[in-house]
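Asker: Following this line is my_file.cif, made up of mmCIF, C-alpha atoms:
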data_model
loop_
_atom_site.label_atom_id
_atom_site.label_comp_id
_atom_site.auth_asym_id
_atom_site.auth_seq_id
_atom_site.Cartn_x
_atom_site.Cartn_y
_atom_site.Cartn_z
CA THR Z 1 -25.88 6.99 -17.68
CA ILE Z 2 -22.51 6.53 -15.99
CA THR Z 3 -23.18 9.63 -13.91
CA GLY Z 4 -26.56 8.29 -12.84
CA ASN Z 5 -24.97 4.97 -12.01
CA PHE Z 6 -22.36 6.67 -9.80
CA ALA Z 7 -25.05 8.72 -8.10
CA ASN Z 8 -27.02 5.54 -7.49
CA VAL Z 9 -24.02 3.84 -5.88
CA ILE Z 10 -23.08 6.87 -3.77
CA HIS Z 11 -26.63 7.15 -2.55
CA GLY Z 12 -27.19 3.41 -2.10
CA LEU Z 13 -24.04 2.25 -0.31
CA ASN Z 14 -24.54 1.76 3.43
CA ALA Z 15 -22.48 0.62 6.41
CA ASN Z 16 -23.46 -3.02 5.86
CA HIS Z 17 -21.52 -2.94 2.59
CA LEU Z 18 -18.25 -2.21 4.41
CA THR Z 19 -16.03 -5.28 4.87
CA ASP Z 20 -13.73 -5.86 7.83
CA GLN Z 21 -10.68 -5.38 5.61
CA VAL Z 22 -11.97 -2.10 4.17
CA ILE Z 23 -12.68 -0.85 7.69
CA GLN Z 24 -9.22 -1.85 8.95
CA ARG Z 25 -7.36 -0.42 5.95
CA SER Z 26 -9.31 2.82 6.02
CA LYS Z 27 -8.62 3.24 9.75
CA ARG Z 28 -4.90 2.97 9.01
CA MET Z 29 -5.31 5.59 6.29
CA ILE Z 30 -7.24 7.89 8.63
CA LEU Z 31 -4.66 7.59 11.42
CA ASP Z 32 -1.78 8.19 9.02
CA THR Z 33 -3.50 11.18 7.40
CA LEU Z 34 -4.23 12.79 10.78
CA GLY Z 35 -0.58 12.35 11.73
CA VAL Z 36 0.91 13.86 8.58
CA GLY Z 37 -1.69 16.64 8.74
CA LEU Z 38 -0.75 17.48 12.33
CA LEU Z 39 2.95 17.51 11.43
CA GLY Z 40 2.15 19.59 8.35
CA THR Z 41 0.61 22.37 10.44
CA SER Z 42 4.16 23.41 11.32
CA THR Z 43 5.22 23.97 7.70
CA GLU Z 44 5.72 27.36 6.09
CA VAL Z 45 3.11 26.75 3.39
CA CYS Z 46 0.47 25.74 5.96
CA HIS Z 47 1.29 28.84 8.04
CA LYS Z 48 0.77 31.03 4.97
CA VAL Z 49 -2.65 29.59 4.08
CA THR Z 50 -3.71 29.70 7.75
CA GLN Z 51 -2.89 33.40 7.92
CA TYR Z 52 -4.71 33.98 4.63
CA SER Z 53 -7.81 32.13 5.83
CA LYS Z 54 -8.17 34.34 8.92
CA ILE Z 55 -9.90 36.93 6.74
CA TYR Z 56 -12.99 34.68 6.85
CA SER Z 57 -15.28 34.44 9.83
CA SER Z 58 -18.54 32.63 10.51
CA ASN Z 59 -20.78 31.50 13.34
CA ILE Z 60 -20.46 27.96 11.96
CA SER Z 61 -16.93 26.68 12.48
CA SER Z 62 -14.71 23.63 12.38
CA THR Z 63 -11.40 22.78 14.02
CA ILE Z 64 -8.04 23.60 12.50
CA TRP Z 65 -6.02 20.50 13.37
CA GLY Z 66 -3.61 21.08 16.22
CA HIS Z 67 -5.02 24.51 17.17
CA LEU Z 68 -7.31 24.66 20.18
CA ASP Z 69 -7.83 28.41 19.90
CA PHE Z 70 -8.51 28.78 16.17
CA ARG Z 71 -11.52 27.65 14.17
CA LEU Z 72 -12.71 28.45 10.65
CA PRO Z 73 -15.85 28.02 8.56
CA PRO Z 74 -15.95 24.39 7.39
CA LEU Z 75 -14.88 25.17 3.81
CA TYR Z 76 -11.72 26.89 4.97
CA ALA Z 77 -11.05 24.36 7.73
CA ALA Z 78 -11.16 21.66 5.04
CA PHE Z 79 -8.82 23.79 2.89
CA VAL Z 80 -6.23 24.49 5.60
CA ASN Z 81 -6.27 20.92 6.93
CA GLY Z 82 -6.01 19.54 3.39
CA VAL Z 83 -3.00 21.75 2.72
CA ALA Z 84 -1.44 20.51 5.98
CA VAL Z 85 -1.90 16.88 4.94
CA HIS Z 86 -0.02 17.36 1.65
CA SER Z 87 2.37 20.11 2.75
CA MET Z 88 5.30 17.67 3.02
CA ASP Z 89 4.16 15.07 0.47
CA PHE Z 90 3.89 12.63 3.40
CA ASP Z 91 0.32 11.42 2.77
CA ASP Z 92 -0.80 8.06 1.40
CA THR Z 93 -0.62 7.13 -2.29
CA TRP Z 94 -2.69 4.69 -4.35
CA HIS Z 95 -2.60 3.07 -7.77
CA PRO Z 96 -3.54 4.38 -10.28
CA ALA Z 97 -1.62 7.31 -8.88
CA THR Z 98 -3.32 9.72 -6.50
CA HIS Z 99 -3.25 10.79 -2.83
CA PRO Z 100 -6.71 9.54 -1.81
CA SER Z 101 -7.14 10.38 1.89
CA GLY Z 102 -6.07 14.03 2.02
CA ALA Z 103 -8.82 15.15 -0.34
CA VAL Z 104 -11.56 13.42 1.66
CA LEU Z 105 -10.79 13.25 5.39
CA PRO Z 106 -10.42 17.03 6.03
CA ALA Z 107 -13.73 17.63 4.22
CA VAL Z 108 -15.81 15.04 6.08
CA ILE Z 109 -14.32 15.92 9.48
CA ALA Z 110 -14.98 19.65 8.94
CA LEU Z 111 -18.52 18.93 7.75
CA SER Z 112 -19.28 16.58 10.65
CA GLU Z 113 -18.34 19.30 13.16
CA ALA Z 114 -20.23 22.11 11.48
CA LEU Z 115 -23.75 20.70 11.32
CA PRO Z 116 -26.29 21.45 14.07
CA GLN Z 117 -26.01 19.58 17.37
CA LYS Z 118 -29.15 17.54 16.69
CA GLN Z 119 -27.63 16.16 13.48
CA LYS Z 120 -24.71 14.20 14.94
CA PHE Z 121 -22.74 11.69 12.87
CA SER Z 122 -21.38 8.45 14.24
CA GLY Z 123 -17.92 7.09 13.61
CA LEU Z 124 -19.54 4.56 11.27
CA ASP Z 125 -21.15 7.41 9.31
CA LEU Z 126 -17.70 8.95 8.95
CA LEU Z 127 -16.10 5.65 7.89
CA LEU Z 128 -18.78 5.08 5.26
CA ALA Z 129 -18.53 8.60 3.80
CA PHE Z 130 -14.72 8.39 3.80
CA ASN Z 131 -14.79 5.06 1.95
CA VAL Z 132 -17.33 6.34 -0.59
CA GLY Z 133 -14.91 9.20 -1.33
CA ILE Z 134 -11.96 6.81 -1.70
CA GLU Z 135 -13.98 4.41 -3.90
CA VAL Z 136 -15.14 7.13 -6.31
CA GLN Z 137 -11.53 8.25 -6.83
CA GLY Z 138 -10.32 4.73 -7.56
CA ARG Z 139 -13.14 3.95 -9.96
CA LEU Z 140 -12.66 7.18 -11.94
CA LEU Z 141 -8.91 6.52 -12.26
CA ARG Z 142 -9.63 3.09 -13.72
CA PHE Z 143 -11.53 4.69 -16.60
CA SER Z 144 -8.20 5.70 -18.15
CA SER Z 145 -5.11 3.69 -19.11
CA GLU Z 146 -3.17 6.96 -19.06
CA ALA Z 147 -4.02 7.36 -15.36
CA ARG Z 148 -2.31 4.07 -14.50
CA ASN Z 149 1.10 5.68 -15.02
CA ILE Z 150 2.64 8.43 -12.92
CA PRO Z 151 0.94 11.57 -14.32
CA LYS Z 152 2.39 14.05 -16.80
CA ARG Z 153 -0.31 16.73 -17.15
CA PHE Z 154 -2.75 17.03 -14.23
CA HIS Z 155 -2.06 16.34 -10.57
CA PRO Z 156 -4.59 13.53 -9.88
CA PRO Z 157 -5.88 14.74 -6.46
CA THR Z 158 -7.11 17.90 -8.15
CA VAL Z 159 -9.20 15.83 -10.55
CA VAL Z 160 -10.41 12.66 -8.83
CA GLY Z 161 -9.78 14.00 -5.30
CA THR Z 162 -12.25 16.81 -5.83
CA MET Z 163 -14.83 14.31 -7.10
CA GLY Z 164 -14.15 11.97 -4.16
CA SER Z 165 -14.52 14.78 -1.66
CA ALA Z 166 -17.86 15.76 -3.24
CA ALA Z 167 -19.08 12.16 -3.14
CA ALA Z 168 -18.03 11.71 0.50
CA CYS Z 169 -19.74 14.94 1.58
CA ALA Z 170 -22.84 14.08 -0.44
CA LYS Z 171 -22.96 10.77 1.40
CA LEU Z 172 -22.56 12.40 4.81
CA LEU Z 173 -25.29 14.91 3.97
CA ALA Z 174 -27.54 12.03 2.81
CA LEU Z 175 -28.26 13.73 -0.52
CA ASP Z 176 -30.71 12.03 -2.86
CA GLN Z 177 -29.59 10.64 -6.20
CA MET Z 178 -30.38 13.80 -8.17
CA LYS Z 179 -28.38 15.92 -5.75
CA CYS Z 180 -25.50 13.39 -5.82
CA LYS Z 181 -25.39 13.82 -9.61
CA ASN Z 182 -25.32 17.59 -9.20
CA ALA Z 183 -22.59 17.39 -6.56
CA LEU Z 184 -20.39 15.45 -9.01
CA ALA Z 185 -21.21 17.89 -11.83
CA ILE Z 186 -20.41 20.95 -9.71
CA ALA Z 187 -17.19 19.37 -8.43
CA ALA Z 188 -16.02 18.68 -11.99
CA SER Z 189 -16.01 22.43 -12.64
CA TYR Z 190 -13.62 22.89 -9.72
CA ALA Z 191 -11.34 20.06 -10.83
CA GLY Z 192 -7.89 20.06 -12.38
CA ALA Z 193 -4.50 21.66 -11.72
CA PRO Z 194 -1.37 21.40 -13.87
CA LEU Z 195 1.54 19.26 -12.70
CA ALA Z 196 3.95 22.13 -13.40
CA ASN Z 197 3.42 23.32 -9.81
CA ALA Z 198 4.87 20.08 -8.41
CA ALA Z 199 7.89 20.70 -6.17
CA THR Z 200 6.64 24.18 -5.21
CA GLN Z 201 4.68 25.57 -2.26
CA THR Z 202 1.60 25.59 -4.49
CA LYS Z 203 1.34 21.79 -4.82
CA PRO Z 204 -0.10 21.32 -1.28
CA LEU Z 205 -2.92 23.71 -2.25
CA HIS Z 206 -4.06 21.04 -4.71
CA VAL Z 207 -5.17 18.73 -1.91
CA GLY Z 208 -6.56 21.58 0.21
CA ASN Z 209 -8.62 22.78 -2.74
CA ALA Z 210 -9.84 19.26 -3.52
CA ALA Z 211 -11.16 18.94 0.05
CA LYS Z 212 -12.68 22.44 0.06
CA HIS Z 213 -14.18 22.30 -3.43
CA GLY Z 214 -15.71 18.87 -2.95
CA LEU Z 215 -17.36 20.04 0.26
CA GLU Z 216 -18.54 23.21 -1.44
CA ALA Z 217 -19.97 21.23 -4.38
CA ALA Z 218 -21.96 18.98 -2.05
CA CYS Z 219 -23.26 21.98 -0.08
CA LEU Z 220 -24.30 23.77 -3.28
CA ALA Z 221 -26.00 20.62 -4.56
CA SER Z 222 -27.87 20.34 -1.26
CA GLN Z 223 -29.27 23.80 -1.99
CA GLY Z 224 -30.55 22.65 -5.37
CA LEU Z 225 -27.79 24.00 -7.64
CA GLN Z 226 -27.76 21.98 -10.86
CA GLY Z 227 -25.05 20.83 -13.24
CA ASN Z 228 -24.68 18.50 -16.22
CA LYS Z 229 -26.41 15.22 -15.39
CA GLN Z 230 -23.95 13.27 -17.56
CA ILE Z 231 -20.70 14.76 -16.28
CA LEU Z 232 -19.00 11.33 -15.95
CA ASP Z 233 -20.22 10.12 -19.36
CA MET Z 234 -18.82 12.86 -21.52
CA GLU Z 235 -15.48 13.51 -23.15
CA SER Z 236 -16.07 17.17 -22.30
CA GLY Z 237 -16.83 16.24 -18.68
CA ILE Z 238 -14.32 14.34 -16.56
CA GLY Z 239 -13.06 12.96 -19.88
CA ALA Z 240 -11.47 16.38 -20.48
CA PHE Z 241 -8.64 15.39 -18.14
CA TYR Z 242 -7.76 12.08 -19.80
CA THR Z 243 -7.04 11.46 -23.49
CA ASP Z 244 -8.28 7.84 -23.31
CA TYR Z 245 -11.26 8.23 -20.95
CA ASN Z 246 -13.56 5.20 -21.19
CA PRO Z 247 -16.19 5.18 -18.43
CA GLN Z 248 -17.83 1.97 -17.19
CA THR Z 249 -20.76 1.28 -14.89
CA LEU Z 250 -20.04 0.36 -11.28
CA PRO Z 251 -20.82 -3.07 -9.79
CA THR Z 252 -24.27 -3.68 -8.34
CA LEU Z 253 -24.98 -2.91 -4.70
CA GLN Z 254 -25.99 -6.47 -3.75
CA SER Z 255 -22.45 -7.42 -2.68
CA TYR Z 256 -20.44 -4.35 -3.61
CA PRO Z 257 -16.70 -5.04 -4.23
CA TRP Z 258 -14.67 -2.17 -2.76
CA LEU Z 259 -11.41 -1.32 -4.53
CA LEU Z 260 -9.77 -0.81 -1.14
CA ASP Z 261 -10.61 -4.44 -0.37
CA GLN Z 262 -8.65 -5.47 -3.46
CA GLN Z 263 -5.65 -3.19 -3.04
CA ASP Z 264 -4.20 -1.38 -0.03
CA VAL Z 265 -2.56 2.05 -0.20
CA ALA Z 266 1.12 2.91 0.19
CA ILE Z 267 1.94 4.65 3.48
CA LYS Z 268 5.19 6.61 3.37
CA ARG Z 269 8.06 6.32 5.84
CA PHE Z 270 9.50 9.71 4.88
CA PRO Z 271 7.99 12.82 3.28
CA ALA Z 272 8.73 12.73 -0.45
CA HIS Z 273 7.30 11.65 -3.81
CA LEU Z 274 6.45 7.95 -3.72
CA GLY Z 275 8.85 7.10 -6.55
CA THR Z 276 11.78 8.15 -4.39
CA HIS Z 277 10.97 5.45 -1.82
CA TRP Z 278 12.32 2.74 -4.12
CA VAL Z 279 15.46 4.85 -4.53
CA ALA Z 280 15.90 5.28 -0.77
CA ASP Z 281 15.69 1.57 -0.01
CA ALA Z 282 18.11 0.62 -2.80
CA ALA Z 283 20.59 3.38 -1.87
CA SER Z 284 20.46 2.45 1.83
CA SER Z 285 21.32 -1.15 0.91
CA VAL Z 286 24.28 0.01 -1.20
CA ARG Z 287 25.54 2.13 1.69
CA ARG Z 288 25.51 -0.88 4.02
CA LYS Z 289 27.78 -2.66 1.55
CA LEU Z 290 30.08 0.37 1.27
CA VAL Z 291 30.64 1.05 4.96
CA GLU Z 292 31.15 -1.42 7.77
CA SER Z 293 28.97 0.31 10.35
CA SER Z 294 26.45 3.13 10.50
CA ASP Z 295 29.04 5.28 12.30
CA ASN Z 296 31.37 5.18 9.34
CA LEU Z 297 31.26 7.99 6.82
CA LEU Z 298 30.63 7.33 3.15
CA PRO Z 299 34.04 7.27 1.33
CA LEU Z 300 33.18 10.19 -0.94
CA ASP Z 301 36.73 10.52 -2.31
CA LYS Z 302 36.61 6.91 -3.57
CA ILE Z 303 33.32 7.35 -5.47
CA GLU Z 304 33.60 7.98 -9.20
CA LYS Z 305 29.93 7.90 -10.18
CA VAL Z 306 26.43 7.08 -8.87
CA ILE Z 307 23.99 5.56 -11.39
CA LEU Z 308 20.25 5.41 -10.75
CA LYS Z 309 18.13 3.17 -12.96
CA VAL Z 310 14.64 4.62 -12.58
CA PRO Z 311 11.59 5.21 -14.78
CA GLU Z 312 11.46 8.41 -16.81
CA VAL Z 313 9.44 10.79 -14.64
CA LYS Z 314 10.42 14.32 -15.55
CA TYR Z 315 9.10 16.12 -12.50
CA VAL Z 316 11.09 13.85 -10.16
CA ASN Z 317 14.28 14.28 -12.19
CA ARG Z 318 15.91 17.19 -10.36
CA PRO Z 319 19.72 17.03 -10.48
CA SER Z 320 20.32 19.98 -8.15
CA PRO Z 321 17.33 20.81 -5.91
CA THR Z 322 17.52 24.10 -4.01
CA SER Z 323 14.48 23.89 -1.72
CA GLU Z 324 12.76 21.30 0.47
CA HIS Z 325 9.93 21.00 -2.05
CA GLU Z 326 12.33 20.36 -4.94
CA ALA Z 327 14.27 17.90 -2.78
CA ARG Z 328 11.07 15.94 -2.09
CA HIS Z 329 10.67 15.55 -5.86
CA SER Z 330 14.23 14.51 -6.73
CA PHE Z 331 15.41 10.97 -7.38
CA GLN Z 332 18.96 12.30 -7.15
CA PHE Z 333 18.55 14.04 -3.79
CA VAL Z 334 16.97 11.05 -2.08
CA ALA Z 335 19.59 8.66 -3.46
CA CYS Z 336 22.47 10.86 -2.29
CA SER Z 337 20.89 11.53 1.11
CA ALA Z 338 20.30 7.82 1.72
CA LEU Z 339 23.87 7.03 0.65
CA LEU Z 340 25.24 9.65 3.06
CA ASP Z 341 22.95 8.94 6.03
CA GLY Z 342 21.79 5.35 5.58
CA SER Z 343 18.10 6.25 5.78
CA MET Z 344 15.59 9.04 5.15
CA SER Z 345 13.46 10.96 7.66
CA VAL Z 346 11.53 14.19 8.12
CA GLN Z 347 14.82 15.91 9.00
CA SER Z 348 16.42 14.87 5.68
CA PHE Z 349 14.71 17.80 3.94
CA ALA Z 350 15.79 20.55 6.35
CA SER Z 351 17.58 23.42 4.62
CA GLU Z 352 20.96 22.64 6.21
CA LYS Z 353 20.69 19.05 4.92
CA VAL Z 354 19.67 20.12 1.42
CA HIS Z 355 22.62 22.51 1.11
CA ARG Z 356 25.40 20.54 2.86
CA PRO Z 357 28.65 20.34 0.81
CA ALA Z 358 28.94 16.52 0.93
CA LEU Z 359 25.50 16.17 -0.65
CA ARG Z 360 26.28 18.71 -3.35
CA GLU Z 361 29.50 16.86 -4.16
CA LEU Z 362 27.65 13.55 -4.48
CA LEU Z 363 24.85 15.08 -6.59
CA CYS Z 364 27.45 16.15 -9.16
CA LYS Z 365 28.48 12.50 -9.55
CA THR Z 366 24.92 11.19 -9.93
CA HIS Z 367 23.39 10.17 -13.27
CA LEU Z 368 19.99 8.76 -14.23
CA GLU Z 369 19.33 5.91 -16.64
CA HIS Z 370 15.86 4.88 -17.86
CA PRO Z 371 15.73 1.18 -18.78
CA PRO Z 372 12.90 0.49 -21.26
CA ASP Z 373 11.37 -2.14 -18.93
CA ASN Z 374 11.14 0.32 -16.03
CA THR Z 375 7.66 1.74 -16.58
CA PRO Z 376 6.49 4.87 -14.69
CA SER Z 377 3.83 3.03 -12.69
CA PHE Z 378 3.68 2.65 -8.91
CA GLU Z 379 2.58 -0.95 -9.50
CA SER Z 380 5.60 -2.04 -11.53
CA LEU Z 381 8.54 0.39 -11.27
CA TYR Z 382 11.87 -0.53 -9.70
CA CYS Z 383 15.08 1.26 -8.78
CA GLU Z 384 18.64 0.04 -9.12
CA VAL Z 385 21.43 2.07 -7.50
CA SER Z 386 25.05 1.50 -8.53
CA VAL Z 387 28.09 3.21 -7.02
CA VAL Z 388 31.16 3.06 -9.26
CA LEU Z 389 34.41 3.37 -7.30
CA ARG Z 390 37.65 4.90 -8.57
CA ASP Z 391 39.35 1.48 -8.34
CA GLY Z 392 36.87 0.11 -10.90
CA ASN Z 393 34.66 -1.81 -8.50
CA MET Z 394 30.92 -1.32 -8.60
CA ILE Z 395 28.48 -1.81 -5.70
CA SER Z 396 24.81 -2.23 -6.67
CA ASP Z 397 21.44 -3.05 -5.21
CA ARG Z 398 17.89 -3.06 -6.50
CA CYS Z 399 14.51 -2.39 -4.88
CA ASP Z 400 11.36 -3.83 -6.44
CA THR Z 401 9.03 -3.19 -3.48
CA PHE Z 402 9.87 -0.77 -0.66
CA TYR Z 403 8.60 -1.18 2.90
CA GLY Z 404 5.33 0.77 3.07
CA HIS Z 405 4.16 -0.15 -0.46
CA TRP Z 406 0.78 -1.92 -0.65
CA ARG Z 407 2.64 -5.15 -1.44
CA LYS Z 408 4.67 -4.72 1.76
CA PRO Z 409 2.48 -2.63 4.12
CA LEU Z 410 3.75 -1.04 7.30
CA GLU Z 411 3.31 -3.16 10.42
CA LYS Z 412 0.77 -1.75 12.89
CA GLU Z 413 3.60 -0.85 15.30
CA ASP Z 414 5.45 1.17 12.64
CA LEU Z 415 2.26 2.94 11.52
CA GLU Z 416 1.62 3.97 15.13
CA LYS Z 417 5.24 5.11 15.56
CA LYS Z 418 4.90 7.29 12.47
CA PHE Z 419 1.66 8.81 13.77
CA GLN Z 420 3.10 9.39 17.26
CA SER Z 421 6.24 10.98 15.85
CA ASN Z 422 4.25 13.26 13.53
CA ALA Z 423 1.58 14.26 16.04
CA SER Z 424 4.03 14.84 18.92
CA SER Z 425 5.20 18.04 17.23
CA VAL Z 426 1.74 19.49 17.90
CA LEU Z 427 -0.16 17.49 20.53
CA PRO Z 428 0.53 16.15 24.05
CA ALA Z 429 0.96 12.39 24.56
CA GLU Z 430 -2.50 12.00 26.12
CA ALA Z 431 -4.19 13.47 23.05
CA ILE Z 432 -2.10 11.31 20.72
CA GLU Z 433 -3.11 8.10 22.47
CA GLY Z 434 -6.72 9.31 22.53
CA ILE Z 435 -6.75 9.76 18.75
CA ILE Z 436 -5.22 6.30 18.19
CA GLU Z 437 -7.85 4.69 20.42
CA THR Z 438 -10.69 6.66 18.80
CA VAL Z 439 -9.62 5.79 15.25
CA TYR Z 440 -9.16 2.10 16.07
CA ASN Z 441 -12.69 2.01 17.53
CA LEU Z 442 -14.28 4.43 15.09
CA GLU Z 443 -17.16 2.17 14.09
CA LYS Z 444 -18.27 2.14 17.76
CA VAL Z 445 -18.00 5.92 18.32
CA GLU Z 446 -21.41 7.57 18.70
CA ASP Z 447 -20.31 11.12 17.82
CA CYS Z 448 -17.40 11.36 15.40
CA SER Z 449 -16.79 15.05 16.21
CA VAL Z 450 -14.87 13.73 19.25
CA LEU Z 451 -11.99 13.31 16.81
#
How does this structure look as structure tokens?
Answerer:
Amino acid sequence: TITGNFANVIHGLNANHLTDQVIQRSKRMILDTLGVGLLGTSTEVCHKVTQYSKIYSSNISSTIWGHLDFRLPPLYAAFVNGVAVHSMDFDDTWHPATHPSGAVLPAVIALSEALPQKQKFSGLDLLLAFNVGIEVQGRLLRFSSEARNIPKRFHPPTVVGTMGSAAACAKLLALDQMKCKNALAIAASYAGAPLANAATQTKPLHVGNAAKHGLEAACLASQGLQGNKQILDMESGIGAFYTDYNPQTLPTLQSYPWLLDQQDVAIKRFPAHLGTHWVADAASSVRRKLVESSDNLLPLDKIEKVILKVPEVKYVNRPSPTSEHEARHSFQFVACSALLDGSMSVQSFASEKVHRPALRELLCKTHLEHPPDNTPSFESLYCEVSVVLRDGNMISDRCDTFYGHWRKPLEKEDLEKKFQSNASSVLPAEAIEGIIETVYNLEKVEDCSVL
């Protein structure tokens, strides 16, 4: 069966299967995810779920990122840290569309801390489990053509992220093949959340729940809890989330081809839906043509209309966002912000920025167009921004691949700058440099709980 095949691969993969490129790319993902998670601990939504989670207590505990004085049982540590990772929509994105790291890393880190002292995991153990979790997500997404486009119904991390978290934790716990099957089956019953909660404070819970539920599924499977042994084969299993689900067997273990070896992830430069990153780069280029220097203000009174040629993605079409979460899911907001400021940053989504009069004026002049060749896929979409001036002139620019996309990955220096900037809101410089050094040498670390 497909499920048995997956269980066989999860159980059978070992550190010798990891390639240098997979190790290097996954280290970048880990460093970036830790950074956005640390920054995310300062958000309102993370504060709310942290306060909620204090009702739980246990002798077994794991770290809440950025808090020396506060620990939680591993399930709730994975939940809170997962929420932190996605609280600003600043975490990595893959194709077919999902946020792969946030569902897995909080779960395996929490689990690695919580097990008895005699059962220590190395950095290589952590890398292997993390990559198993990423691989399972990518393979499941490729069982559906529908999943290749930006989603319309289910938020992908709630479906494949939960399964990836379960697979990663099953790997770390060294579960046998039968228990790996059960972990996947149990996780499937925790999977799925509607996309309607995008652009609200609830969306970050999707990633927190994926981390928590995957860990819980693996722990329950380790206790012998059973589920459907063909959960990945059936239309009523994982197929329930995709109208065109067509599962395939995985490659053999002899020389296993990792998906991460074939395609890198996108690492974001600012915290918003990935589709808006094309918009930001195109709008920033138009601004440079409109004003002579970065000190000059945008000539708002001379602008008649702003036209954005983007794919039709309804939940990122928000003409007048009123909150930071709506702004992060608005083609229009990001275009207007980039036109006004020349670039996007964490600060772009502060309340005073969202509600400033100049932005509101520009939003009223902004219109979307959906060219038929502009498909809603992170592999192929583009953005063209045109500013029509009152004198009849039109200034345009187009972005086919933004900086940070897997076709144009962040340089190591810029990845480190992003991490340092994000983590500095929570940690001292010494700790920040310690994390960078630890992640870069993770395969040599004897006890990964040092993270």
Asker: Restricting the calculation to only C-alpha atoms: of Z:Thr63, Z:Ser42, Z:Thr401, Z:Ser145, which residue gets closest to Glu113 of chain Z?
Answerer: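 Using only C-alpha atoms, the shortest distance to Glu113 of chain Z belongs to Z:Thr63.
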Asker: Report as a list in words the residues that result from applying the PyMOL selection byres ((chain Z and resi 448-451) around 6) to the structure here.
Answerer: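 In the shown coordinates, the PyMOL selection byres ((chain Z and resi 448-451) around 6) covers Glu113, Phe121, Ser122, Gly123 and Asp447 of chain Z.
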Asker: What's the 6 Å shell around segment 94-105 of chain Z, counting only C-alpha atoms, without same-chain residues fewer than 5 positions away, as a list in words?
Answerer: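 The residues that qualify are Gly82, Val85, Ile134, Ala147, Arg148, Ile150, Pro156, Pro157, Gly161, Ser165, Val207, Ala210, Ala211 and Val265 of chain Z.
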Asker: To test your reading of the syntax: which residues would the PyMOL selection byres ((chain Z and resi 335) around 6) return for the file shown? Reply as a list of chain:residue names.
Answerer: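 Checking the PyMOL selection byres ((chain Z and resi 335) around 6) against this file, the residues are Z:Val279, Z:Ala280, Z:Ala283, Z:Gln332, Z:Phe333, Z:Val334, Z:Cys336, Z:Ser337, Z:Ala338.
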Asker: For the residues in that selection, give me C-alpha atoms as a JSON list (two decimals), keeping the file's coordinate frame.
Answerer:
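Resulting contents of result_4.json:
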[["chain", "number", "residue", "atom", "x", "y", "z"],
["Z", 279, "VAL", "CA", 15.46, 4.85, -4.53],
["Z", 280, "ALA", "CA", 15.90, 5.28, -0.77],
["Z", 283, "ALA", "CA", 20.59, 3.38, -1.87],
["Z", 332, "GLN", "CA", 18.96, 12.30, -7.15],
["Z", 333, "PHE", "CA", 18.55, 14.04, -3.79],
["Z", 334, "VAL", "CA", 16.97, 11.05, -2.08],
["Z", 336, "CYS", "CA", 22.47, 10.86, -2.29],
["Z", 337, "SER", "CA", 20.89, 11.53, 1.11],
["Z", 338, "ALA", "CA", 20.30, 7.82, 1.72]]
Asker: What does the structure give for the distance between atom CA of Leu75 of chain Z and atom CA of Glu216 of chain Z, in Å to one decimal?
Answerer: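 Atom CA of Leu75 of chain Z sits 6.7 Å away from atom CA of Glu216 of chain Z.
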Asker: Which neighbours of Val36 of chain Z fall inside 7 Å, counting only C-alpha atoms, when residues of the same chain fewer than 2 positions from it are skipped, and could you give them as a compact mmCIF listing (two decimals) with C-alpha atoms, in the coordinates of the input?
Answerer:
# COMPACT_ATOMS: atom_id res chain seq x y z
CA ASP Z 32 -1.78 8.19 9.02
CA THR Z 33 -3.50 11.18 7.40
CA LEU Z 34 -4.23 12.79 10.78
CA LEU Z 38 -0.75 17.48 12.33
CA LEU Z 39 2.95 17.51 11.43
CA GLY Z 40 2.15 19.59 8.35
CA VAL Z 85 -1.90 16.88 4.94
CA PHE Z 90 3.89 12.63 3.40
CA ASP Z 91 0.32 11.42 2.77
CA ASN Z 422 4.25 13.26 13.53
Asker: Neighbours of His370 of chain Z within 12 Å (all atoms listed in the file; same-chain residues fewer than 2 positions away dropped), as a ChimeraX atom specification?
Answerer: /Z:307-314,317,367-368,372-376,381-384
Asker: What would the selection look like, as a VMD selection string, if the PyMOL selection byres ((chain Z and resi 89) around 10) were run on the coordinates I just shared?
Answerer: chain Z and resid 36 40 84 to 88 90 to 93 99 199 203 to 204 268 270 to 274 325 328 to 329
Asker: Write out as a list of chain:residue names which residues come within 10 Å of His213 of chain Z when counting all atoms listed in the file, dropping same-chain ones fewer than 5 positions away.
Answerer: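 Here the qualifying residues turn out to be Z:Leu75, Z:Tyr76, Z:Ala78, Z:Phe79, Z:Ala103, Z:Ala107, Z:Thr158, Z:Gly161, Z:Thr162, Z:Met163, Z:Ser165, Z:Ala166, Z:Ile186, Z:Ala187, Z:Ala188, Z:Ser189, Z:Tyr190, Z:Ala191, Z:Val207, Z:Gly208, Z:Ala218, Z:Cys219.
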Asker: Rounded to one decimal, what separation in Å do you get between atom CA of Tyr245 of chain Z and atom CA of Ala217 of chain Z?
Answerer: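 Distance reported for this atom pair: 22.8 Å.
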Asker: At a cut-off of 8 Å, using all atoms listed in the file, what residues contact segment 427-435 of chain Z? Leave out same-chain residues fewer than 6 positions from it and give the result as number ranges by chain.
Answerer: Z: 31, 66, 420, 451
